[in-house]
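Okay, coords.cif is below, mmCIF, C-alpha atoms and all ligand atoms:
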```
data_run
#
loop_
_atom_site.label_atom_id
_atom_site.label_comp_id
_atom_site.auth_asym_id
_atom_site.auth_seq_id
_atom_site.Cartn_x
_atom_site.Cartn_y
_atom_site.Cartn_z
CA MET A 1 -0.17 -29.75 24.47
CA SER A 2 -3.67 -30.41 25.77
CA GLU A 3 -6.77 -29.38 23.83
CA GLU A 4 -7.52 -26.76 26.48
CA GLN A 5 -4.09 -25.21 26.18
CA ILE A 6 -4.49 -25.01 22.41
CA LYS A 7 -7.91 -23.38 22.83
CA GLU A 8 -6.37 -20.79 25.15
CA LEU A 9 -3.60 -20.06 22.64
CA GLU A 10 -6.17 -19.70 19.89
CA ILE A 11 -8.12 -17.15 21.94
CA GLN A 12 -4.96 -15.14 22.56
CA PHE A 13 -4.06 -15.38 18.87
CA GLU A 14 -7.48 -14.12 17.72
CA ALA A 15 -7.20 -11.24 20.21
CA ARG A 16 -3.84 -10.25 18.73
CA ILE A 17 -5.35 -10.28 15.23
CA ALA A 18 -8.26 -8.15 16.48
CA ARG A 19 -5.75 -5.62 17.93
CA ASP A 20 -4.03 -5.46 14.50
CA GLU A 21 -0.79 -6.81 15.93
CA LYS A 22 1.63 -8.37 13.48
CA ILE A 23 2.23 -12.10 13.84
CA GLU A 24 5.94 -12.90 13.62
CA PRO A 25 7.66 -16.19 12.59
CA LYS A 26 8.42 -17.43 16.10
CA ASP A 27 4.98 -16.62 17.50
CA TRP A 28 2.43 -19.36 18.12
CA MET A 29 -0.11 -19.59 15.29
CA PRO A 30 -2.86 -22.04 14.39
CA GLU A 31 -1.66 -24.69 11.95
CA LYS A 32 -4.35 -23.66 9.44
CA TYR A 33 -3.16 -20.04 9.55
CA ARG A 34 0.38 -21.24 8.79
CA GLN A 35 -0.74 -23.51 5.93
CA THR A 36 -2.99 -20.86 4.39
CA HIS A 37 -0.13 -18.38 4.40
CA ILE A 38 2.25 -20.89 2.85
CA ARG A 39 -0.32 -21.51 0.12
CA GLN A 40 -1.01 -17.87 -0.73
CA MET A 41 2.49 -16.50 -0.25
CA SER A 42 4.19 -19.26 -2.25
CA GLN A 43 1.64 -18.95 -5.06
CA HIS A 44 2.39 -15.25 -5.05
CA ALA A 45 6.14 -15.98 -5.25
CA HIS A 46 5.60 -18.46 -8.09
CA SER A 47 3.56 -15.83 -9.97
CA GLU A 48 6.45 -13.40 -9.72
CA ILE A 49 8.99 -15.74 -11.28
CA ILE A 50 6.66 -17.21 -13.91
CA GLY A 51 5.61 -13.61 -14.62
CA MET A 52 9.16 -12.93 -15.79
CA LEU A 53 8.70 -15.24 -18.79
CA PRO A 54 6.25 -13.41 -21.10
CA GLU A 55 8.17 -10.13 -20.70
CA GLY A 56 11.60 -11.74 -20.71
CA ASN A 57 10.83 -12.88 -24.27
CA TRP A 58 10.68 -9.26 -25.39
CA ILE A 59 13.94 -7.94 -23.95
CA THR A 60 15.89 -8.67 -27.13
CA ARG A 61 13.10 -7.16 -29.27
CA ALA A 62 12.50 -3.88 -27.39
CA PRO A 63 12.25 -1.07 -29.98
CA THR A 64 14.84 1.28 -28.39
CA LEU A 65 17.69 1.10 -25.92
CA ARG A 66 15.63 3.12 -23.40
CA ARG A 67 12.76 0.64 -23.61
CA LYS A 68 15.16 -2.27 -23.32
CA VAL A 69 16.77 -0.88 -20.15
CA ALA A 70 13.37 -0.24 -18.53
CA LEU A 71 12.02 -3.69 -19.43
CA LEU A 72 15.19 -5.38 -18.25
CA ALA A 73 14.95 -3.56 -14.91
CA LYS A 74 11.28 -4.54 -14.56
CA VAL A 75 11.90 -8.23 -15.23
CA GLN A 76 14.82 -8.15 -12.79
CA ASP A 77 12.52 -6.57 -10.17
CA GLU A 78 10.09 -9.49 -10.55
CA ALA A 79 12.93 -11.89 -9.72
CA GLY A 80 13.60 -9.79 -6.62
CA HIS A 81 9.92 -9.95 -5.62
CA GLY A 82 10.06 -13.73 -5.95
CA LEU A 83 13.11 -13.73 -3.71
CA TYR A 84 11.49 -11.65 -0.93
CA LEU A 85 8.35 -13.76 -1.10
CA TYR A 86 10.13 -17.12 -1.07
CA SER A 87 12.22 -15.91 1.88
CA ALA A 88 9.11 -14.71 3.72
CA THR A 89 7.39 -18.05 3.06
CA GLU A 90 10.40 -19.98 4.36
CA THR A 91 9.90 -18.28 7.75
CA LEU A 92 6.80 -20.47 8.09
CA GLY A 93 8.89 -23.64 8.21
CA ILE A 94 9.02 -24.85 4.61
CA THR A 95 12.12 -24.98 2.44
CA ARG A 96 12.73 -23.28 -0.90
CA ASP A 97 13.27 -26.73 -2.47
CA GLU A 98 9.87 -27.93 -1.25
CA LEU A 99 8.19 -24.80 -2.60
CA LEU A 100 9.79 -25.14 -6.02
CA GLU A 101 8.94 -28.83 -6.09
CA GLN A 102 5.26 -27.88 -5.55
CA LEU A 103 5.47 -25.45 -8.47
CA HIS A 104 7.23 -27.85 -10.82
CA THR A 105 4.90 -30.76 -10.11
CA GLY A 106 1.80 -28.59 -10.60
CA LYS A 107 0.70 -28.91 -6.95
CA ALA A 108 0.97 -25.16 -6.41
CA LYS A 109 -0.74 -22.62 -8.62
CA TYR A 110 0.53 -19.34 -10.05
CA SER A 111 -1.48 -16.45 -11.45
CA SER A 112 -3.67 -17.38 -14.42
CA ILE A 113 -2.65 -14.21 -16.28
CA PHE A 114 0.80 -15.56 -17.16
CA ASN A 115 -0.69 -18.38 -19.22
CA TYR A 116 -1.61 -15.95 -22.00
CA PRO A 117 0.90 -15.22 -24.78
CA ALA A 118 2.62 -11.85 -25.27
CA ILE A 119 2.63 -11.53 -29.05
CA SER A 120 3.31 -7.85 -29.78
CA TRP A 121 5.28 -4.94 -28.34
CA ALA A 122 1.97 -3.37 -27.24
CA ASP A 123 1.55 -6.38 -24.94
CA MET A 124 4.53 -5.08 -22.94
CA GLY A 125 2.69 -1.83 -22.39
CA THR A 126 -0.57 -3.59 -21.58
CA ILE A 127 1.00 -6.05 -19.15
CA GLY A 128 2.71 -3.22 -17.26
CA TRP A 129 -0.44 -1.10 -17.20
CA LEU A 130 -3.06 -3.76 -16.47
CA VAL A 131 -1.24 -6.69 -14.86
CA ASP A 132 1.02 -4.63 -12.64
CA GLY A 133 -1.88 -2.22 -12.11
CA ALA A 134 -4.03 -5.09 -10.84
CA ALA A 135 -1.12 -6.38 -8.77
CA ILE A 136 -0.70 -3.00 -7.04
CA ILE A 137 -4.37 -2.81 -6.10
CA ASN A 138 -4.19 -6.30 -4.62
CA GLN A 139 -0.85 -5.72 -2.91
CA VAL A 140 -1.48 -2.29 -1.38
CA ALA A 141 -4.24 -4.02 0.58
CA LEU A 142 -1.80 -6.78 1.54
CA CYS A 143 0.60 -4.23 3.11
CA GLY A 144 -1.84 -4.40 6.02
CA ALA A 145 -1.76 -8.21 6.22
CA SER A 146 -1.40 -9.73 9.68
CA TYR A 147 1.72 -11.83 9.01
CA GLY A 148 4.69 -9.46 9.50
CA PRO A 149 7.16 -10.83 6.91
CA TYR A 150 4.46 -10.85 4.18
CA ALA A 151 3.20 -7.34 4.99
CA ARG A 152 6.75 -5.93 5.00
CA ALA A 153 7.67 -7.61 1.69
CA MET A 154 4.56 -6.01 0.17
CA VAL A 155 5.63 -2.47 1.05
CA ARG A 156 8.77 -2.68 -1.06
CA ILE A 157 7.11 -4.65 -3.84
CA CYS A 158 4.35 -2.03 -4.19
CA LYS A 159 6.90 0.75 -4.70
CA GLU A 160 8.49 -1.18 -7.54
CA GLU A 161 5.14 -2.21 -9.07
CA SER A 162 4.22 1.44 -9.25
CA PHE A 163 7.20 2.07 -11.56
CA HIS A 164 6.21 -0.98 -13.62
CA GLN A 165 2.66 0.24 -14.06
CA ARG A 166 3.85 3.64 -15.25
CA GLN A 167 6.39 2.26 -17.70
CA GLY A 168 3.61 0.11 -19.20
CA TYR A 169 1.16 2.98 -19.47
CA GLU A 170 3.81 5.20 -21.02
CA ILE A 171 4.43 2.61 -23.76
CA LEU A 172 0.72 2.75 -24.58
CA VAL A 173 0.60 6.57 -24.44
CA THR A 174 3.39 6.60 -27.03
CA LEU A 175 1.71 4.02 -29.28
CA MET A 176 -1.61 5.90 -29.09
CA LYS A 177 0.13 9.05 -30.37
CA GLY A 178 1.62 7.10 -33.27
CA THR A 179 0.42 5.66 -36.60
CA GLN A 180 -2.93 3.92 -37.12
CA GLU A 181 -1.06 0.62 -37.10
CA GLN A 182 0.42 1.39 -33.68
CA LYS A 183 -2.98 2.42 -32.32
CA ASP A 184 -4.51 -0.80 -33.63
CA MET A 185 -1.72 -2.82 -32.00
CA ALA A 186 -2.43 -1.14 -28.62
CA GLN A 187 -6.20 -1.73 -28.92
CA ASP A 188 -5.64 -5.37 -29.90
CA ALA A 189 -3.45 -5.91 -26.82
CA LEU A 190 -6.14 -4.38 -24.57
CA ASN A 191 -8.80 -6.57 -26.20
CA ARG A 192 -6.80 -9.70 -25.35
CA PHE A 193 -5.66 -8.74 -21.83
CA TRP A 194 -8.71 -6.96 -20.38
CA TRP A 195 -10.74 -9.97 -19.33
CA PRO A 196 -7.80 -12.11 -18.14
CA SER A 197 -6.71 -9.10 -16.01
CA LEU A 198 -10.10 -9.06 -14.28
CA MET A 199 -9.68 -12.78 -13.59
CA MET A 200 -6.43 -12.10 -11.70
CA PHE A 201 -8.51 -11.13 -8.65
CA GLY A 202 -9.84 -14.68 -8.39
CA PRO A 203 -13.38 -16.10 -8.36
CA THR A 204 -16.36 -14.05 -7.15
CA ASP A 205 -16.69 -13.78 -3.37
CA ALA A 206 -19.62 -16.18 -3.53
CA GLU A 207 -17.46 -18.80 -5.28
CA SER A 208 -14.22 -18.21 -3.34
CA PRO A 209 -13.58 -20.97 -0.78
CA HIS A 210 -10.81 -19.10 1.07
CA THR A 211 -11.92 -15.46 1.25
CA ALA A 212 -14.10 -15.57 4.38
CA GLN A 213 -11.46 -17.18 6.62
CA SER A 214 -8.61 -15.16 5.10
CA MET A 215 -10.51 -11.92 5.80
CA LYS A 216 -10.97 -13.00 9.43
CA TRP A 217 -7.25 -13.67 9.79
CA LYS A 218 -6.43 -10.41 7.96
CA LEU A 219 -4.43 -12.30 5.39
CA LYS A 220 -6.75 -10.64 2.91
CA ARG A 221 -7.87 -7.08 3.73
CA LYS A 222 -10.32 -6.70 0.83
CA THR A 223 -12.36 -9.32 -1.00
CA ASN A 224 -11.78 -10.46 -4.60
CA ASP A 225 -14.89 -8.61 -5.84
CA ASP A 226 -14.04 -5.35 -4.03
CA LEU A 227 -10.52 -5.31 -5.46
CA ARG A 228 -11.77 -6.13 -8.97
CA GLN A 229 -14.27 -3.26 -8.80
CA GLN A 230 -11.58 -0.87 -7.56
CA PHE A 231 -9.35 -1.90 -10.49
CA ILE A 232 -12.13 -1.31 -13.06
CA ASP A 233 -13.07 2.07 -11.59
CA GLN A 234 -9.44 3.18 -11.67
CA THR A 235 -8.53 1.80 -15.09
CA VAL A 236 -11.47 2.79 -17.32
CA PRO A 237 -10.69 6.55 -17.18
CA GLN A 238 -7.02 5.80 -17.93
CA ALA A 239 -8.09 3.94 -21.10
CA GLU A 240 -10.44 6.74 -22.16
CA LEU A 241 -7.77 9.39 -21.62
CA ILE A 242 -5.55 7.91 -24.33
CA GLY A 243 -8.32 6.84 -26.72
CA LEU A 244 -8.49 3.10 -25.96
CA THR A 245 -11.84 1.30 -25.80
CA ILE A 246 -12.50 -1.25 -23.06
CA PRO A 247 -13.81 -4.40 -24.82
CA ASP A 248 -17.00 -4.68 -22.75
CA SER A 249 -20.31 -3.53 -24.26
CA ASP A 250 -21.98 -3.74 -20.82
CA LEU A 251 -19.53 -1.34 -19.19
CA LYS A 252 -21.45 1.67 -17.87
CA TRP A 253 -20.95 4.25 -15.13
CA ASN A 254 -23.50 3.68 -12.39
CA LYS A 255 -24.10 7.11 -10.88
CA GLU A 256 -26.06 5.80 -7.93
CA MET A 257 -23.44 3.24 -6.92
CA GLY A 258 -20.46 5.44 -7.82
CA HIS A 259 -18.92 2.48 -9.69
CA TYR A 260 -18.79 1.01 -13.19
CA ASP A 261 -21.17 -1.84 -13.96
CA PHE A 262 -19.42 -4.41 -16.11
CA GLY A 263 -20.17 -7.52 -18.19
CA GLU A 264 -20.06 -11.19 -17.23
CA ILE A 265 -16.60 -12.70 -16.78
CA ASP A 266 -16.08 -16.03 -18.55
CA TRP A 267 -15.46 -18.16 -15.43
CA ASP A 268 -15.25 -21.29 -17.54
CA GLU A 269 -12.19 -19.88 -19.25
CA PHE A 270 -10.73 -18.88 -15.86
CA TRP A 271 -11.02 -22.38 -14.40
CA GLN A 272 -9.68 -23.98 -17.58
CA VAL A 273 -6.57 -21.80 -17.33
CA VAL A 274 -6.20 -22.40 -13.57
CA LYS A 275 -6.44 -26.15 -14.14
CA GLY A 276 -3.58 -26.11 -16.65
CA HIS A 277 -5.41 -25.82 -19.96
CA GLY A 278 -4.64 -22.19 -20.88
CA PRO A 279 -2.82 -21.21 -24.07
CA CYS A 280 0.67 -21.23 -22.50
CA ASN A 281 0.54 -23.37 -19.29
CA LYS A 282 2.66 -26.19 -20.70
CA GLU A 283 5.20 -23.89 -22.31
CA ARG A 284 5.63 -21.82 -19.12
CA MET A 285 6.27 -24.90 -16.99
CA LYS A 286 8.68 -26.37 -19.55
CA VAL A 287 10.76 -23.18 -19.63
CA ARG A 288 10.63 -22.80 -15.84
CA ILE A 289 11.78 -26.36 -15.16
CA ALA A 290 14.57 -26.08 -17.76
CA ALA A 291 15.76 -22.82 -16.13
CA HIS A 292 15.81 -24.56 -12.75
CA GLU A 293 17.79 -27.52 -14.08
CA ASN A 294 20.23 -25.29 -15.97
CA GLY A 295 20.82 -23.32 -12.77
CA GLN A 296 21.91 -26.37 -10.76
CA TRP A 297 25.60 -25.51 -11.18
CA VAL A 298 25.01 -22.02 -9.75
CA ARG A 299 23.35 -23.46 -6.63
CA ASP A 300 26.14 -26.05 -6.29
CA ALA A 301 28.79 -23.34 -6.58
CA ALA A 302 27.00 -21.11 -4.03
CA MET A 303 26.71 -24.00 -1.56
CA ALA A 304 30.37 -24.96 -2.05
CA TYR A 305 31.41 -21.34 -1.43
CA ALA A 306 29.19 -21.12 1.67
CA GLU A 307 30.68 -24.34 3.02
CA LYS A 308 34.20 -23.06 2.44
CA GLN A 309 33.41 -19.78 4.23
CA GLN A 310 31.39 -21.66 6.87
CA ILE A 311 28.32 -19.52 6.10
CA PRO A 312 25.13 -21.25 7.26
CA ALA A 313 23.05 -22.29 4.19
N1 LIG A 401 -4.85 -17.54 -10.89
O1 LIG A 401 -10.65 -18.76 -2.68
P1 LIG A 401 -9.80 -18.03 -3.66
C1 LIG A 401 2.23 -10.10 -10.10
C2 LIG A 401 -7.08 -20.03 -7.03
S1 LIG A 401 1.90 -11.64 -9.63
C3 LIG A 401 -4.64 -18.79 -10.45
O2 LIG A 401 -10.24 -16.67 -4.03
P2 LIG A 401 -7.45 -16.93 -2.35
C4 LIG A 401 3.14 -9.83 -11.19
C5 LIG A 401 -6.68 -19.92 -5.58
O3 LIG A 401 -5.26 -20.04 -5.42
C6 LIG A 401 0.18 -11.66 -9.23
N2 LIG A 401 -5.28 -19.33 -9.40
O4 LIG A 401 -8.29 -18.04 -3.15
C7 LIG A 401 4.23 -10.65 -11.41
C8 LIG A 401 -7.46 -21.07 -4.96
O5 LIG A 401 -6.83 -22.31 -5.29
P3 LIG A 401 -6.10 -23.23 -4.15
C9 LIG A 401 -0.06 -12.64 -8.15
C10 LIG A 401 -6.17 -18.54 -8.77
O6 LIG A 401 -6.06 -17.39 -2.22
C11 LIG A 401 5.05 -10.43 -12.50
C12 LIG A 401 -8.75 -21.05 -5.78
O7 LIG A 401 -8.45 -20.40 -7.01
N3 LIG A 401 -0.59 -11.97 -7.00
O8 LIG A 401 1.64 -9.31 -9.49
O9 LIG A 401 -8.18 -16.55 -1.12
C13 LIG A 401 4.78 -9.40 -13.38
C14 LIG A 401 -9.88 -20.33 -5.07
O10 LIG A 401 -9.64 -18.90 -4.99
C15 LIG A 401 -6.41 -17.23 -9.16
C16 LIG A 401 -0.87 -12.66 -5.87
O11 LIG A 401 -0.64 -13.84 -5.79
C17 LIG A 401 -5.73 -16.72 -10.28
N4 LIG A 401 -5.91 -15.48 -10.76
O12 LIG A 401 -7.50 -15.65 -3.32
C18 LIG A 401 3.71 -8.57 -13.14
C19 LIG A 401 -1.43 -11.84 -4.74
N5 LIG A 401 -7.36 -16.69 -8.35
O13 LIG A 401 -4.95 -22.40 -3.61
C20 LIG A 401 2.88 -8.77 -12.03
C21 LIG A 401 -1.65 -12.62 -3.49
C22 LIG A 401 -7.68 -17.65 -7.46
O14 LIG A 401 -7.13 -23.51 -3.09
N6 LIG A 401 -2.72 -13.55 -3.62
N7 LIG A 401 -6.98 -18.75 -7.72
O15 LIG A 401 -5.63 -24.44 -4.89
C23 LIG A 401 -4.03 -13.24 -3.39
O16 LIG A 401 -4.39 -12.10 -3.13
C24 LIG A 401 -5.02 -14.36 -3.42
O17 LIG A 401 -4.31 -15.59 -3.31
C25 LIG A 401 -5.92 -14.39 -4.69
C26 LIG A 401 -6.82 -15.64 -4.57
C27 LIG A 401 -6.81 -13.16 -4.73
C28 LIG A 401 -5.11 -14.49 -5.97
#
```

Write-out of the structure in structure tokens:
Amino acid sequence: MSEEQIKELEIQFEARIARDEKIEPKDWMPEKYRQTHIRQMSQHAHSEIIGMLPEGNWITRAPTLRRKVALLAKVQDEAGHGLYLYSATETLGITRDELLEQLHTGKAKYSSIFNYPAISWADMGTIGWLVDGAAIINQVALCGASYGPYARAMVRICKEESFHQRQGYEILVTLMKGTQEQKDMAQDALNRFWWPSLMMFGPTDAESPHTAQSMKWKLKRKTNDDLRQQFIDQTVPQAELIGLTIPDSDLKWNKEMGHYDFGEIDWDEFWQVVKGHGPCNKERMKVRIAAHENGQWVRDAAMAYAEKQQIPA
């Protein structure tokens, strides 16, 4: 294709984005658009399956059968989200094996939040409330993303995340009505997860290399800072309602702005975790790679069955 033809296709493509049309897998798209989507969507998929690990550890220790059933369903949902997102990413011309290879070799990132340990039952409540709460805010915006398969996957994922957020909050409501020890356990979990939850939204807009272009392509519909602010404004009253204290002495309602002002995020800690030096990075990767290797026989059996039935792989 000549340079002029490519230019013409690019103009048509930008016009489709401007008209809010969805881009579908077989449509022409700029190579950078394709690569950026592979990067973000696969990192999102990786976050879903690595995100199963901290909560998966608590299934056998859930305090009641009801809690166990709910947690089991939540962790299973995360596997499903990974599945939709890997499938959606594959429509961009990359294989599942290549994507997993990128995760296992450390080339692809996953959300920083999952490199923190879950050490008490209150962490299950806090992860559901804050981590899934942050995920919903980010993902509701992504339902309007320009790439059709990603936007459609988000619609279903958001419905499930909403259940996850509520089951987490309900765990904390129960603990906050309990003994002093239970209340302290809930507050301790919030103290540990508050700041890492704010980091989930990524670096500030000024420090984010991808936001400007991704906003133009409507891969992102709101910036990192806008989503973070929305999360804080929504979450602070939920904490106050059940008697939890947000661990930020600078947190203050700004009447003029109609938002909460908040303290400085420790960006040094964020980048350390993103670069692989968080409390649990090594452990998460070790468990993930072992799970993949132990699952080889399942993939072999599925492929053998597909071959026998002549189902395309
Ligand atoms: N952790 O220019 P930026 C879940 C990286 S799963 C690690 O702002 P972008 C759930 C970023 O990748 C939650 N890395 O990038 C699951 C980039 O590095 P590369 C996951 C981070 O992509 C189970 C660099 O920093 N949700 O909900 O425009 C249980 C510069 O950043 C992080 C999604 O993935 C981070 N927190 O914006 C419960 C949502 N932040 O790629 C819950 C979809 C940034 O150049 N993703 N980085 O090497 C997004 O919305 C965007 O990708 C982000 C980052 C806002 C995360």

With a distance cut-off of 12 Å and only C-alpha atoms, select the neighbouring residues of A:Arg192, excluding the residue or stretch itself and same-chain residues fewer than 3 positions from it, and output the selection as a VMD selection string.
chain A and resid 113 116 to 120 122 to 123 126 to 127 130 185 to 189 195 to 198 246 to 248

Sorted per-residue table, chain A near ligand LIG 401 (chain A), closest atoms and distance, 7 Å, all atoms listed in the file, as a Markdown table:
```
| residue | atom | partner | partner_atom | distance |
| --- | --- | --- | --- | --- |
| A:Arg39 | CA | A:LIG401 | O13 | 6.0 |
| A:Gln40 | CA | A:LIG401 | O17 | 4.8 |
| A:Met41 | CA | A:LIG401 | C21 | 6.5 |
| A:Gln43 | CA | A:LIG401 | O11 | 5.6 |
| A:His44 | CA | A:LIG401 | O11 | 3.4 |
| A:Ser47 | CA | A:LIG401 | S1 | 4.5 |
| A:Glu48 | CA | A:LIG401 | C7 | 3.9 |
| A:Ile49 | CA | A:LIG401 | C11 | 6.7 |
| A:Gly51 | CA | A:LIG401 | C11 | 3.9 |
| A:Met52 | CA | A:LIG401 | C11 | 5.8 |
| A:Glu78 | CA | A:LIG401 | C11 | 5.5 |
| A:Ala108 | CA | A:LIG401 | O15 | 6.8 |
| A:Lys109 | CA | A:LIG401 | N2 | 5.7 |
| A:Tyr110 | CA | A:LIG401 | C3 | 5.2 |
| A:Ser111 | CA | A:LIG401 | N1 | 3.6 |
| A:Ser112 | CA | A:LIG401 | N1 | 3.7 |
| A:Ile113 | CA | A:LIG401 | N4 | 6.5 |
| A:Gly128 | CA | A:LIG401 | C18 | 6.8 |
| A:Val131 | CA | A:LIG401 | C20 | 5.4 |
| A:Asp132 | CA | A:LIG401 | C20 | 4.6 |
| A:Ala135 | CA | A:LIG401 | O8 | 4.1 |
| A:Asn138 | CA | A:LIG401 | O16 | 6.0 |
| A:Gln139 | CA | A:LIG401 | C19 | 6.4 |
| A:Met199 | CA | A:LIG401 | N4 | 5.4 |
| A:Met200 | CA | A:LIG401 | N4 | 3.5 |
| A:Phe201 | CA | A:LIG401 | C27 | 4.7 |
| A:Gly202 | CA | A:LIG401 | N5 | 3.2 |
| A:Pro203 | CA | A:LIG401 | O2 | 5.4 |
| A:Ser208 | CA | A:LIG401 | O1 | 3.7 |
| A:Pro209 | CA | A:LIG401 | O1 | 4.1 |
| A:His210 | CA | A:LIG401 | O1 | 3.8 |
| A:Thr211 | CA | A:LIG401 | O9 | 4.6 |
| A:Ser214 | CA | A:LIG401 | O9 | 6.4 |
| A:Lys220 | CA | A:LIG401 | O16 | 6.6 |
| A:Asn224 | CA | A:LIG401 | C27 | 5.7 |
| A:Val274 | CA | A:LIG401 | C3 | 5.0 |
```

Determine the nearest neighbour of A:Ile137 from the options A:Glu181, A:Asp250, A:Glu269, A:Asp233, counting all atoms listed in the file.
A:Asp233

Long-range neighbours of A:Ser249 as an NGL selection string, 12 Å cut-off, only C-alpha atoms, 6 positions minimum in chain:
:A and (261-264)

Each side padded by 4 Å, which centre and which edge lengths in Å (one decimal) define the axis-aligned box around the listed atoms of stretch 166-181 of chain A? Give them as JSON.
```
{"center_x": 1.7, "center_y": 4.6, "center_z": -26.2, "size_x": 17.3, "size_y": 16.9, "size_z": 29.9}
```

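For the pair atom CA of A:Met124 and atom CA of A:Gln230, the interatomic distance is 22.7 Å.
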
Starting from the incomplete input, reconstruct all heavy atoms of stretch 181-187 of chain A and report them as an mmCIF file, keeping the file's coordinate frame.
```
data_model
loop_
_atom_site.group_PDB
_atom_site.id
_atom_site.type_symbol
_atom_site.label_atom_id
_atom_site.label_comp_id
_atom_site.auth_asym_id
_atom_site.auth_seq_id
_atom_site.Cartn_x
_atom_site.Cartn_y
_atom_site.Cartn_z
ATOM 1 N N GLU A 181 -1.482 1.993 -37.355
ATOM 2 C CA GLU A 181 -1.060 0.620 -37.100
ATOM 3 C C GLU A 181 -0.659 0.440 -35.623
ATOM 4 O O GLU A 181 -0.981 -0.577 -34.991
ATOM 5 C CB GLU A 181 0.138 0.306 -38.000
ATOM 6 C CG GLU A 181 0.290 -1.152 -38.330
ATOM 7 C CD GLU A 181 1.510 -1.384 -39.219
ATOM 8 O OE1 GLU A 181 2.031 -0.405 -39.808
ATOM 9 O OE2 GLU A 181 1.949 -2.551 -39.278
ATOM 10 N N GLN A 182 0.016 1.451 -35.097
ATOM 11 C CA GLN A 182 0.420 1.390 -33.680
ATOM 12 C C GLN A 182 -0.807 1.455 -32.758
ATOM 13 O O GLN A 182 -0.896 0.740 -31.761
ATOM 14 C CB GLN A 182 1.409 2.515 -33.355
ATOM 15 C CG GLN A 182 2.794 2.249 -33.938
ATOM 16 C CD GLN A 182 3.708 3.451 -33.798
ATOM 17 O OE1 GLN A 182 3.325 4.590 -34.078
ATOM 18 N NE2 GLN A 182 4.932 3.204 -33.350
ATOM 19 N N LYS A 183 -1.747 2.315 -33.129
ATOM 20 C CA LYS A 183 -2.980 2.420 -32.320
ATOM 21 C C LYS A 183 -3.743 1.099 -32.333
ATOM 22 O O LYS A 183 -4.240 0.644 -31.305
ATOM 23 C CB LYS A 183 -3.890 3.537 -32.865
ATOM 24 C CG LYS A 183 -3.331 4.926 -32.624
ATOM 25 C CD LYS A 183 -4.242 5.981 -33.215
ATOM 26 C CE LYS A 183 -3.548 7.332 -33.113
ATOM 27 N NZ LYS A 183 -4.207 8.403 -33.811
ATOM 28 N N ASP A 184 -3.802 0.479 -33.513
ATOM 29 C CA ASP A 184 -4.510 -0.800 -33.630
ATOM 30 C C ASP A 184 -3.815 -1.879 -32.791
ATOM 31 O O ASP A 184 -4.473 -2.726 -32.178
ATOM 32 C CB ASP A 184 -4.568 -1.266 -35.097
ATOM 33 C CG ASP A 184 -5.454 -0.359 -35.937
ATOM 34 O OD1 ASP A 184 -6.220 0.442 -35.349
ATOM 35 O OD2 ASP A 184 -5.365 -0.444 -37.183
ATOM 36 N N MET A 185 -2.497 -1.823 -32.772
ATOM 37 C CA MET A 185 -1.720 -2.820 -32.000
ATOM 38 C C MET A 185 -2.032 -2.656 -30.500
ATOM 39 O O MET A 185 -2.223 -3.644 -29.789
ATOM 40 C CB MET A 185 -0.218 -2.605 -32.262
ATOM 41 C CG MET A 185 0.670 -3.631 -31.640
ATOM 42 S SD MET A 185 2.351 -3.619 -32.306
ATOM 43 C CE MET A 185 2.946 -2.040 -31.821
ATOM 44 N N ALA A 186 -2.133 -1.398 -30.042
ATOM 45 C CA ALA A 186 -2.430 -1.140 -28.620
ATOM 46 C C ALA A 186 -3.852 -1.625 -28.290
ATOM 47 O O ALA A 186 -4.077 -2.275 -27.262
ATOM 48 C CB ALA A 186 -2.290 0.350 -28.319
ATOM 49 N N GLN A 187 -4.811 -1.312 -29.182
ATOM 50 C CA GLN A 187 -6.200 -1.730 -28.920
ATOM 51 C C GLN A 187 -6.318 -3.256 -28.908
ATOM 52 O O GLN A 187 -7.009 -3.829 -28.059
ATOM 53 C CB GLN A 187 -7.129 -1.117 -29.987
ATOM 54 C CG GLN A 187 -8.598 -1.429 -29.776
ATOM 55 C CD GLN A 187 -9.153 -0.859 -28.461
ATOM 56 O OE1 GLN A 187 -8.990 0.321 -28.168
ATOM 57 N NE2 GLN A 187 -9.786 -1.710 -27.638
#
```
